[in-house]
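J.: This is structure-v2.cif (mmCIF, C-alpha atoms (C1' of nucleotides)).
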data_final
#
loop_
_atom_site.label_atom_id
_atom_site.label_comp_id
_atom_site.auth_asym_id
_atom_site.auth_seq_id
_atom_site.Cartn_x
_atom_site.Cartn_y
_atom_site.Cartn_z
CA MET N 1 0.00 0.00 0.00
CA PRO N 2 2.16 2.81 -1.27
CA GLY N 3 2.00 6.34 0.12
CA ALA N 4 0.58 5.80 3.58
CA ARG N 5 2.21 8.92 4.95
CA ASP N 6 -0.76 11.20 5.12
CA LEU N 7 -0.67 14.10 7.49
CA PRO N 8 -3.65 14.88 9.71
CA HIS N 9 -6.14 17.45 8.45
CA PRO N 10 -9.12 18.83 10.36
CA ASP N 11 -12.37 18.17 8.57
CA ALA N 12 -14.31 21.02 7.06
CA ALA N 13 -17.02 21.16 9.69
CA SER N 14 -14.64 21.51 12.59
CA LEU N 15 -12.61 24.47 11.39
CA VAL N 16 -12.14 27.12 14.07
CA LEU N 17 -12.33 30.74 13.01
CA THR N 18 -9.69 32.06 15.40
CA ASP N 19 -7.26 29.36 14.29
CA VAL N 20 -7.77 30.31 10.66
CA LEU N 21 -7.34 34.00 11.43
CA PHE N 22 -4.18 33.25 13.35
CA ALA N 23 -2.75 31.16 10.52
CA LEU N 24 -3.40 34.03 8.13
CA SER N 25 -2.01 36.68 10.47
CA ASP N 26 1.62 35.95 9.61
CA PRO N 27 2.92 37.89 6.59
CA SER N 28 4.91 35.05 5.11
CA ARG N 29 2.02 32.62 5.49
CA LEU N 30 -0.44 35.07 4.02
CA ALA N 31 1.84 35.66 1.05
CA LEU N 32 1.95 31.93 0.46
CA VAL N 33 -1.82 31.64 0.68
CA ARG N 34 -2.11 34.33 -1.98
CA ARG N 35 0.05 32.28 -4.29
CA LEU N 36 -1.85 29.11 -3.49
CA ALA N 37 -5.02 30.89 -4.52
CA GLN N 38 -3.76 30.54 -8.06
CA GLY N 39 -3.22 26.83 -7.83
CA PRO N 40 -1.49 24.04 -5.88
CA LEU N 41 2.25 24.07 -5.41
CA GLU N 42 4.75 21.48 -4.40
CA VAL N 43 6.43 22.26 -1.09
CA ALA N 44 9.71 23.33 -2.67
CA ALA N 45 7.79 25.89 -4.74
CA CYS N 46 6.32 27.37 -1.56
CA GLN N 47 9.57 29.18 -0.94
CA PRO N 48 9.05 32.95 -0.75
CA ALA N 49 9.72 34.91 -3.93
CA GLY N 50 13.01 36.53 -2.97
CA GLY N 51 15.03 34.46 -0.55
CA GLU N 52 15.48 30.93 0.56
CA VAL N 53 14.16 29.70 3.86
CA PRO N 54 15.34 26.53 5.63
CA LYS N 55 13.14 23.56 4.87
CA SER N 56 12.28 23.14 8.52
CA THR N 57 10.98 26.68 8.77
CA LEU N 58 8.86 26.31 5.69
CA SER N 59 7.53 23.02 6.95
CA HIS N 60 6.60 24.64 10.23
CA HIS N 61 4.50 27.30 8.49
CA LEU N 62 2.84 24.67 6.35
CA LYS N 63 1.97 22.79 9.49
CA THR N 64 0.35 25.86 11.02
CA LEU N 65 -1.72 26.41 7.88
CA ARG N 66 -2.61 22.75 7.63
CA GLU N 67 -3.67 22.35 11.25
CA ALA N 68 -5.86 25.41 10.95
CA GLY N 69 -7.47 23.85 7.90
CA VAL N 70 -6.30 26.50 5.47
CA VAL N 71 -4.29 24.20 3.24
CA ARG N 72 -4.19 20.55 2.34
CA ASN N 73 -0.88 18.74 2.07
CA VAL N 74 -0.96 15.47 0.15
CA PRO N 75 1.88 13.17 -0.88
CA GLU N 76 2.39 12.63 -4.59
CA GLY N 77 5.26 10.33 -5.31
CA ARG N 78 8.37 11.77 -3.82
CA GLN N 79 6.93 15.21 -3.40
CA ARG N 80 3.94 16.76 -1.71
CA TYR N 81 1.35 19.04 -3.11
CA VAL N 82 0.03 21.93 -1.08
CA SER N 83 -3.34 23.35 -2.02
CA LEU N 84 -5.74 25.91 -0.62
CA ARG N 85 -8.89 24.42 0.94
CA ARG N 86 -10.98 27.05 -0.73
CA GLU N 87 -14.28 25.21 -0.83
CA ASP N 88 -14.10 24.14 2.78
CA LEU N 89 -13.22 27.63 3.89
CA ASP N 90 -15.91 29.25 1.76
CA ASP N 91 -18.39 26.77 3.10
CA ARG N 92 -17.57 27.33 6.73
CA PHE N 93 -16.64 31.03 6.64
CA PRO N 94 -18.41 32.54 3.62
CA GLY N 95 -16.67 35.56 2.21
CA LEU N 96 -13.67 35.38 4.49
CA LEU N 97 -11.15 34.15 1.98
CA ASP N 98 -12.43 36.48 -0.70
CA ALA N 99 -12.09 39.41 1.66
CA VAL N 100 -8.57 38.44 2.65
CA LEU N 101 -7.42 37.76 -0.89
CA GLY N 102 -9.24 40.80 -2.23
CA THR N 103 -6.92 43.14 -0.40
CA ALA N 104 -3.81 44.06 -2.33
CA PRO N 105 -0.60 42.65 -0.85
CA GLU N 106 1.40 45.26 0.98
CA MET O 107 -8.23 72.13 27.46
CA PRO O 108 -9.96 69.20 29.14
CA GLY O 109 -9.43 65.61 28.04
CA ALA O 110 -6.04 65.67 26.39
CA ARG O 111 -5.35 62.04 27.10
CA ASP O 112 -6.00 60.57 23.73
CA LEU O 113 -4.42 57.28 22.87
CA PRO O 114 -2.70 56.77 19.51
CA HIS O 115 -4.77 55.25 16.72
CA PRO O 116 -3.51 54.27 13.27
CA ASP O 117 -5.32 56.10 10.53
CA ALA O 118 -7.65 54.25 8.23
CA ALA O 119 -5.35 54.19 5.23
CA SER O 120 -2.45 52.62 7.06
CA LEU O 121 -4.21 49.60 8.53
CA VAL O 122 -2.26 46.38 8.05
CA LEU O 123 -4.20 43.25 7.21
CA THR O 124 -2.03 40.82 9.13
CA ASP O 125 -2.24 43.01 12.24
CA VAL O 126 -6.02 43.05 12.00
CA LEU O 127 -6.16 39.30 11.51
CA PHE O 128 -3.88 38.77 14.48
CA ALA O 129 -5.99 41.03 16.69
CA LEU O 130 -9.06 39.04 15.73
CA SER O 131 -7.37 35.67 16.18
CA ASP O 132 -7.72 35.64 19.96
CA PRO O 133 -11.02 34.16 21.18
CA SER O 134 -11.58 36.69 23.93
CA ARG O 135 -10.83 39.62 21.64
CA LEU O 136 -13.05 38.25 18.91
CA ALA O 137 -15.88 37.80 21.39
CA LEU O 138 -15.50 41.41 22.42
CA VAL O 139 -15.53 42.56 18.81
CA ARG O 140 -18.77 40.71 18.29
CA ARG O 141 -20.33 42.62 21.15
CA LEU O 142 -18.91 45.90 19.91
CA ALA O 143 -20.60 45.25 16.59
CA GLN O 144 -23.84 46.06 18.36
CA GLY O 145 -22.61 49.37 19.67
CA PRO O 146 -19.91 51.12 21.70
CA LEU O 147 -19.18 50.07 25.25
CA GLU O 148 -17.35 51.67 28.08
CA VAL O 149 -14.22 49.77 29.08
CA ALA O 150 -15.75 48.30 32.22
CA ALA O 151 -18.54 46.84 30.10
CA CYS O 152 -15.97 45.09 27.91
CA GLN O 153 -15.58 42.43 30.56
CA PRO O 154 -16.39 38.97 29.21
CA ALA O 155 -19.89 37.67 29.85
CA GLY O 156 -19.14 35.12 32.52
CA GLY O 157 -16.12 36.02 34.59
CA GLU O 158 -14.12 38.99 35.68
CA VAL O 159 -10.73 39.73 34.23
CA PRO O 160 -8.14 42.02 35.83
CA LYS O 161 -8.27 45.54 34.46
CA SER O 162 -4.71 45.32 33.21
CA THR O 163 -5.46 42.24 31.15
CA LEU O 164 -8.51 43.81 29.61
CA SER O 165 -6.56 46.95 28.87
CA HIS O 166 -3.89 44.90 27.15
CA HIS O 167 -6.41 43.32 24.80
CA LEU O 168 -7.94 46.70 24.07
CA LYS O 169 -4.49 47.98 23.22
CA THR O 170 -3.92 45.14 20.77
CA LEU O 171 -7.24 45.84 19.09
CA ARG O 172 -6.64 49.57 19.07
CA GLU O 173 -3.13 49.40 17.65
CA ALA O 174 -4.35 47.12 14.89
CA GLY O 175 -7.03 49.68 14.10
CA VAL O 176 -9.95 47.45 14.98
CA VAL O 177 -11.37 49.62 17.72
CA ARG O 178 -11.31 53.22 18.74
CA ASN O 179 -10.85 54.17 22.38
CA VAL O 180 -11.88 57.71 23.27
CA PRO O 181 -12.08 59.42 26.67
CA GLU O 182 -15.47 60.64 27.77
CA GLY O 183 -15.36 62.27 31.13
CA ARG O 184 -14.05 59.81 33.64
CA GLN O 185 -14.61 56.83 31.42
CA ARG O 186 -13.61 55.70 27.97
CA TYR O 187 -15.75 54.51 25.15
CA VAL O 188 -14.63 51.66 22.97
CA SER O 189 -16.15 51.38 19.53
CA LEU O 190 -15.63 49.23 16.46
CA ARG O 191 -14.01 51.07 13.55
CA ARG O 192 -16.44 49.48 11.16
CA GLU O 193 -16.32 52.07 8.40
CA ASP O 194 -12.55 52.22 8.33
CA LEU O 195 -12.30 48.46 8.25
CA ASP O 196 -14.96 48.08 5.57
CA ASP O 197 -13.24 50.73 3.54
CA ARG O 198 -9.82 49.19 3.73
CA PHE O 199 -10.77 45.49 3.83
CA PRO O 200 -14.17 45.18 2.19
CA GLY O 201 -16.17 42.22 3.38
CA LEU O 202 -13.70 41.14 6.02
CA LEU O 203 -15.62 42.23 9.07
CA ASP O 204 -18.89 40.96 7.66
CA ALA O 205 -17.32 37.58 7.01
CA VAL O 206 -15.85 37.40 10.50
CA LEU O 207 -19.00 38.54 12.24
CA GLY O 208 -21.19 36.45 9.97
CA THR O 209 -19.82 33.25 11.45
CA ALA O 210 -21.68 32.02 14.49
CA PRO O 211 -19.66 32.22 17.72
CA GLU O 212 -18.41 28.85 18.82
"C1'" DG B 213 -7.64 70.18 48.43
"C1'" DG B 214 -8.84 65.38 49.39
"C1'" DC B 215 -10.93 61.21 48.05
"C1'" DA B 216 -13.03 57.84 45.09
"C1'" DT B 217 -13.44 56.10 40.37
"C1'" DA B 218 -11.96 54.61 35.57
"C1'" DG B 219 -8.30 53.02 33.00
"C1'" DT B 220 -3.56 52.84 31.40
"C1'" DT B 221 1.25 51.66 32.13
"C1'" DC B 222 5.00 49.11 34.26
"C1'" DG B 223 7.44 44.94 35.71
"C1'" DA B 224 7.64 40.13 36.34
"C1'" DT B 225 6.49 35.49 35.01
"C1'" DA B 226 4.86 31.66 32.25
"C1'" DG B 227 3.50 29.95 28.02
"C1'" DT B 228 3.69 29.99 23.04
"C1'" DA B 229 5.46 30.92 18.27
"C1'" DG B 230 9.32 31.60 14.89
"C1'" DT B 231 13.88 30.15 13.27
"C1'" DC B 232 17.38 27.08 12.33
"C1'" DG B 233 20.43 22.76 12.02
"C1'" DA B 234 20.50 17.95 12.45
"C1'" DA B 235 18.30 13.62 12.36
"C1'" DC B 236 14.80 10.89 10.43
"C1'" DT B 237 11.37 8.81 6.80
"C1'" DA B 238 9.82 7.68 2.37
"C1'" DT B 239 10.19 7.51 -2.55
"C1'" DC B 240 12.54 7.08 -7.00
"C1'" DG B 241 16.23 5.55 -10.13
"C1'" DC B 242 20.23 2.89 -10.88
"C1'" DG H 243 20.42 -2.56 -2.02
"C1'" DC H 244 22.48 2.01 -2.48
"C1'" DG H 245 22.48 6.74 -3.09
"C1'" DA H 246 20.00 10.92 -4.00
"C1'" DT H 247 15.93 13.69 -3.35
"C1'" DA H 248 11.70 15.75 -0.93
"C1'" DG H 249 9.86 16.85 3.30
"C1'" DT H 250 8.75 16.17 8.14
"C1'" DT H 251 10.10 15.91 12.96
"C1'" DC H 252 13.05 16.90 16.88
"C1'" DG H 253 15.64 19.83 20.01
"C1'" DA H 254 17.48 24.20 21.28
"C1'" DC H 255 17.30 28.99 21.36
"C1'" DT H 256 15.16 33.44 20.94
"C1'" DA H 257 11.38 36.59 20.73
"C1'" DC H 258 6.89 37.64 21.48
"C1'" DT H 259 2.23 37.24 23.87
"C1'" DA H 260 -0.93 36.56 27.78
"C1'" DT H 261 -1.77 37.25 32.50
"C1'" DC H 262 -1.66 39.49 36.74
"C1'" DG H 263 -0.62 42.84 40.71
"C1'" DA H 264 1.04 47.24 41.79
"C1'" DA H 265 1.92 51.88 40.64
"C1'" DC H 266 0.48 55.75 38.13
"C1'" DT H 267 -2.72 59.39 35.72
"C1'" DA H 268 -6.74 61.88 35.03
"C1'" DT H 269 -11.50 63.09 35.99
"C1'" DG H 270 -15.42 64.17 38.93
"C1'" DC H 271 -17.47 65.12 43.36
"C1'" DC H 272 -17.56 66.76 48.07
#
Mind converting the file's structure to structure tokens?
T.:
Amino acid sequence: MPGARDLPHPDAASLVLTDVLFALSDPSRLALVRRLAQGPLEVAACQPAGGEVPKSTLSHHLKTLREAGVVRNVPEGRQRYVSLRREDLDDRFPGLLDAVLGTAPE
Amino acid sequence: MPGARDLPHPDAASLVLTDVLFALSDPSRLALVRRLAQGPLEVAACQPAGGEVPKSTLSHHLKTLREAGVVRNVPEGRQRYVSLRREDLDDRFPGLLDAVLGTAPE
DNA sequence: GGCATAGTTCGATAGTAGTCGAACTATCGC
DNA sequence: GCGATAGTTCGACTACTATCGAACTATGCC
């Protein structure tokens, strides 16, 4: 049974608003979410535009986003794909993501 | 010149999204914001429904909200009135407050 | 002025979050 | 199997946040 290394994700119904807000309240995480709004990325591509960040740091931020239910992180061969849980978020917190993404990045 | 003890407030144009999200990401602060959505309160009335919180703790949360630009805190005689900066927030981050307040409290 | 009231500010402490390097796990290709 | 690659997890350190009591400031009332 290949690929049994799934990470835990909260289900859509149990998302907590304050956790989501907290996950989005970090500039580097928010910037990543903006990019994920345009489509899934593999983890390595989640690096910020300008500089490199240690893998462990990036992984930590992904964990925060994942545990809040903002992103999904699924294994795909040797890599992992990170995607925005847009439908789940829209379903649970209508308009929130649109409002956050609708503001121009600073 | 009576009442020259105004606290600093960021102006509407300079509000930072991540700061606002962080201010709203604390359960007790979010609960207070929900109540402020129904109208201004004096500081003493900002105490959480059930229990009492030390004045210094409450003041700290008000400071976080104020510095993020979420609330306004103005002196009025011996007391202070805390109010939601709804227009400024709607202007700068359209739909955000509605989305946050539209979700039922947990 | 003197006192009570309403809140903020200060200082200390405990818990939590961010950052990084090193170790670990799993997959792919040879 | 062996090595290389892609990420996560662990441990340590630092920085920030929450909480509280005590001190401080300003207003109103007598």
J.: Can you measure atom CA of O:Ser131 to atom CA of N:Gln38 for me? One decimal in Å is fine.
T.: 25.0 Å
J.: What would you get as a PDB file with C-alpha atoms, in the frame of the given file if chain O were moved onto chain N by least squares over all of its C-alpha atoms in order?
T.:
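After the write, selection14.pdb holds the following:
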ATOM      1  CA  MET O 107      -0.188   0.042  -0.124  1.00  0.00           C
ATOM      2  CA  PRO O 108       2.024   2.866  -1.359  1.00  0.00           C
ATOM      3  CA  GLY O 109       1.890   6.360   0.110  1.00  0.00           C
ATOM      4  CA  ALA O 110       0.544   5.817   3.590  1.00  0.00           C
ATOM      5  CA  ARG O 111       2.180   8.907   4.978  1.00  0.00           C
ATOM      6  CA  ASP O 112      -0.763  11.201   5.137  1.00  0.00           C
ATOM      7  CA  LEU O 113      -0.658  14.094   7.519  1.00  0.00           C
ATOM      8  CA  PRO O 114      -3.645  14.885   9.747  1.00  0.00           C
ATOM      9  CA  HIS O 115      -6.124  17.454   8.469  1.00  0.00           C
ATOM     10  CA  PRO O 116      -9.117  18.823  10.371  1.00  0.00           C
ATOM     11  CA  ASP O 117     -12.356  18.159   8.582  1.00  0.00           C
ATOM     12  CA  ALA O 118     -14.301  20.995   7.061  1.00  0.00           C
ATOM     13  CA  ALA O 119     -17.006  21.137   9.699  1.00  0.00           C
ATOM     14  CA  SER O 120     -14.626  21.484  12.604  1.00  0.00           C
ATOM     15  CA  LEU O 121     -12.596  24.447  11.388  1.00  0.00           C
ATOM     16  CA  VAL O 122     -12.113  27.099  14.060  1.00  0.00           C
ATOM     17  CA  LEU O 123     -12.301  30.721  13.007  1.00  0.00           C
ATOM     18  CA  THR O 124      -9.679  32.042  15.390  1.00  0.00           C
ATOM     19  CA  ASP O 125      -7.232  29.344  14.274  1.00  0.00           C
ATOM     20  CA  VAL O 126      -7.766  30.308  10.650  1.00  0.00           C
ATOM     21  CA  LEU O 127      -7.324  33.986  11.426  1.00  0.00           C
ATOM     22  CA  PHE O 128      -4.148  33.257  13.345  1.00  0.00           C
ATOM     23  CA  ALA O 129      -2.735  31.168  10.501  1.00  0.00           C
ATOM     24  CA  LEU O 130      -3.408  34.026   8.117  1.00  0.00           C
ATOM     25  CA  SER O 131      -2.010  36.679  10.447  1.00  0.00           C
ATOM     26  CA  ASP O 132       1.621  35.960   9.606  1.00  0.00           C
ATOM     27  CA  PRO O 133       2.910  37.914   6.591  1.00  0.00           C
ATOM     28  CA  SER O 134       4.898  35.062   5.109  1.00  0.00           C
ATOM     29  CA  ARG O 135       2.020  32.619   5.481  1.00  0.00           C
ATOM     30  CA  LEU O 136      -0.450  35.070   4.016  1.00  0.00           C
ATOM     31  CA  ALA O 137       1.838  35.657   1.052  1.00  0.00           C
ATOM     32  CA  LEU O 138       1.970  31.932   0.466  1.00  0.00           C
ATOM     33  CA  VAL O 139      -1.803  31.653   0.665  1.00  0.00           C
ATOM     34  CA  ARG O 140      -2.099  34.325  -1.974  1.00  0.00           C
ATOM     35  CA  ARG O 141       0.071  32.285  -4.295  1.00  0.00           C
ATOM     36  CA  LEU O 142      -1.827  29.111  -3.497  1.00  0.00           C
ATOM     37  CA  ALA O 143      -5.004  30.881  -4.533  1.00  0.00           C
ATOM     38  CA  GLN O 144      -3.746  30.540  -8.081  1.00  0.00           C
ATOM     39  CA  GLY O 145      -3.203  26.823  -7.817  1.00  0.00           C
ATOM     40  CA  PRO O 146      -1.465  24.047  -5.880  1.00  0.00           C
ATOM     41  CA  LEU O 147       2.280  24.069  -5.418  1.00  0.00           C
ATOM     42  CA  GLU O 148       4.759  21.477  -4.395  1.00  0.00           C
ATOM     43  CA  VAL O 149       6.437  22.260  -1.082  1.00  0.00           C
ATOM     44  CA  ALA O 150       9.715  23.336  -2.650  1.00  0.00           C
ATOM     45  CA  ALA O 151       7.812  25.881  -4.727  1.00  0.00           C
ATOM     46  CA  CYS O 152       6.328  27.369  -1.558  1.00  0.00           C
ATOM     47  CA  GLN O 153       9.574  29.192  -0.939  1.00  0.00           C
ATOM     48  CA  PRO O 154       9.063  32.955  -0.759  1.00  0.00           C
ATOM     49  CA  ALA O 155       9.731  34.917  -3.929  1.00  0.00           C
ATOM     50  CA  GLY O 156      12.998  36.542  -2.991  1.00  0.00           C
ATOM     51  CA  GLY O 157      15.009  34.479  -0.559  1.00  0.00           C
ATOM     52  CA  GLU O 158      15.483  30.937   0.554  1.00  0.00           C
ATOM     53  CA  VAL O 159      14.162  29.708   3.854  1.00  0.00           C
ATOM     54  CA  PRO O 160      15.342  26.547   5.621  1.00  0.00           C
ATOM     55  CA  LYS O 161      13.139  23.565   4.887  1.00  0.00           C
ATOM     56  CA  SER O 162      12.261  23.154   8.540  1.00  0.00           C
ATOM     57  CA  THR O 163      10.974  26.700   8.788  1.00  0.00           C
ATOM     58  CA  LEU O 164       8.863  26.327   5.700  1.00  0.00           C
ATOM     59  CA  SER O 165       7.523  23.041   6.973  1.00  0.00           C
ATOM     60  CA  HIS O 166       6.575  24.683  10.244  1.00  0.00           C
ATOM     61  CA  HIS O 167       4.501  27.324   8.485  1.00  0.00           C
ATOM     62  CA  LEU O 168       2.842  24.684   6.346  1.00  0.00           C
ATOM     63  CA  LYS O 169       1.972  22.799   9.501  1.00  0.00           C
ATOM     64  CA  THR O 170       0.351  25.874  11.021  1.00  0.00           C
ATOM     65  CA  LEU O 171      -1.702  26.419   7.887  1.00  0.00           C
ATOM     66  CA  ARG O 172      -2.596  22.757   7.628  1.00  0.00           C
ATOM     67  CA  GLU O 173      -3.654  22.350  11.245  1.00  0.00           C
ATOM     68  CA  ALA O 174      -5.851  25.415  10.954  1.00  0.00           C
ATOM     69  CA  GLY O 175      -7.454  23.850   7.897  1.00  0.00           C
ATOM     70  CA  VAL O 176      -6.279  26.490   5.464  1.00  0.00           C
ATOM     71  CA  VAL O 177      -4.278  24.196   3.235  1.00  0.00           C
ATOM     72  CA  ARG O 178      -4.178  20.563   2.344  1.00  0.00           C
ATOM     73  CA  ASN O 179      -0.861  18.748   2.082  1.00  0.00           C
ATOM     74  CA  VAL O 180      -0.955  15.474   0.170  1.00  0.00           C
ATOM     75  CA  PRO O 181       1.891  13.161  -0.867  1.00  0.00           C
ATOM     76  CA  GLU O 182       2.389  12.620  -4.561  1.00  0.00           C
ATOM     77  CA  GLY O 183       5.241  10.314  -5.276  1.00  0.00           C
ATOM     78  CA  ARG O 184       8.374  11.748  -3.796  1.00  0.00           C
ATOM     79  CA  GLN O 185       6.923  15.188  -3.365  1.00  0.00           C
ATOM     80  CA  ARG O 186       3.947  16.764  -1.680  1.00  0.00           C
ATOM     81  CA  TYR O 187       1.351  19.046  -3.096  1.00  0.00           C
ATOM     82  CA  VAL O 188       0.037  21.932  -1.079  1.00  0.00           C
ATOM     83  CA  SER O 189      -3.335  23.338  -2.018  1.00  0.00           C
ATOM     84  CA  LEU O 190      -5.729  25.911  -0.617  1.00  0.00           C
ATOM     85  CA  ARG O 191      -8.869  24.414   0.924  1.00  0.00           C
ATOM     86  CA  ARG O 192     -10.972  27.050  -0.740  1.00  0.00           C
ATOM     87  CA  GLU O 193     -14.269  25.189  -0.836  1.00  0.00           C
ATOM     88  CA  ASP O 194     -14.082  24.116   2.778  1.00  0.00           C
ATOM     89  CA  LEU O 195     -13.211  27.615   3.877  1.00  0.00           C
ATOM     90  CA  ASP O 196     -15.911  29.233   1.758  1.00  0.00           C
ATOM     91  CA  ASP O 197     -18.394  26.752   3.094  1.00  0.00           C
ATOM     92  CA  ARG O 198     -17.565  27.303   6.715  1.00  0.00           C
ATOM     93  CA  PHE O 199     -16.628  31.006   6.619  1.00  0.00           C
ATOM     94  CA  PRO O 200     -18.399  32.514   3.630  1.00  0.00           C
ATOM     95  CA  GLY O 201     -16.673  35.543   2.207  1.00  0.00           C
ATOM     96  CA  LEU O 202     -13.665  35.357   4.477  1.00  0.00           C
ATOM     97  CA  LEU O 203     -11.137  34.138   1.967  1.00  0.00           C
ATOM     98  CA  ASP O 204     -12.438  36.468  -0.711  1.00  0.00           C
ATOM     99  CA  ALA O 205     -12.109  39.403   1.653  1.00  0.00           C
ATOM    100  CA  VAL O 206      -8.580  38.432   2.641  1.00  0.00           C
ATOM    101  CA  LEU O 207      -7.425  37.764  -0.890  1.00  0.00           C
ATOM    102  CA  GLY O 208      -9.270  40.785  -2.226  1.00  0.00           C
ATOM    103  CA  THR O 209      -6.944  43.130  -0.382  1.00  0.00           C
ATOM    104  CA  ALA O 210      -3.848  44.085  -2.310  1.00  0.00           C
ATOM    105  CA  PRO O 211      -0.621  42.675  -0.842  1.00  0.00           C
ATOM    106  CA  GLU O 212       1.371  45.295   0.976  1.00  0.00           C
TER     107      GLU O 212
END
J.: What residues come out when you apply the PyMOL selection byres ((chain O and resi 183-186) around 8) to this file, written as a PyMOL selection string?
T.: (chain O and resi 109+148-149+179-182+187-188) or (chain B and resi 217-219) or (chain H and resi 268-270)
J.: Using all atoms listed in the file, which of N:Ala31, N:Leu7, N:Ala12, N:Ala45 sits nearest N:Pro105?
T.: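 Distance minimum relative to N:Pro105 lands on N:Ala31.
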J.: For B:DA226, list every protein, DNA or RNA residue within 12 Å, evaluated using only C-alpha atoms (C1' of nucleotides), and leave out those in the same chain fewer than 2 positions away; present the list as a list of chain:residue names.
T.: B:DA224, B:DT228, H:DT259, H:DA260, H:DT261, H:DC262
J.: Skipping near chain neighbours, those fewer than 5 positions away, what residues fall within 12 Å of H:DA254 using all atoms listed in the file, listed as a PDB file with C-alpha atoms (C1' of nucleotides), keeping the file's coordinate frame?
T.:
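Saved as selection13.pdb:
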ATOM      1  C1'  DT B 231      13.880  30.150  13.270  1.00  0.00           C
ATOM      2  C1'  DC B 232      17.380  27.080  12.330  1.00  0.00           C
ATOM      3  C1'  DG B 233      20.430  22.760  12.020  1.00  0.00           C
ATOM      4  C1'  DA B 234      20.500  17.950  12.450  1.00  0.00           C
TER       5       DA B 234
END
J.: Smallest atom-to-atom distance to chain H: which of O:Ala210, O:Ala205, O:Val139, O:Ala129, using only C-alpha atoms (C1' of nucleotides)?
T.: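 Counting only C-alpha atoms (C1' of nucleotides), the residue closest to chain H is O:Ala129.
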J.: Excluding same-chain residues fewer than 3 positions from B:DT220, what lies within 10 Å of it counting only C-alpha atoms (C1' of nucleotides), as a list in words?
T.: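 Counting only the stated atoms, we get Leu113, Lys161, Ser162, Ser165, His166 and Lys169 of chain O; DC266 and DT267 of chain H.
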J.: Record the distance separating atom CA of O:Leu138 and atom CA of O:Cys152, expressed in Å with one decimal.
T.: 6.6 Å
J.: Step by step, work through what the PyMOL selection byres ((chain B and resi 229) around 9) selects in the shown file, and finish by giving those residues as a list of chain:residue names.
T.: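 Given this file, the PyMOL selection byres ((chain B and resi 229) around 9) evaluates to B:DT228, B:DG230, H:DA257, H:DC258.
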J.: Determine the residue membership of the PyMOL selection byres ((chain H) within 10 of (chain N)) for the file above and supply it as a ChimeraX atom specification.
T.: /H:247-251
J.: Using all atoms listed in the file, find the one residue out of O:Pro160, O:Thr124, O:Ala143, O:Pro154 that sits nearest to chain B.
T.: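 Using all atoms listed in the file, the shortest distance to chain B belongs to O:Pro160.
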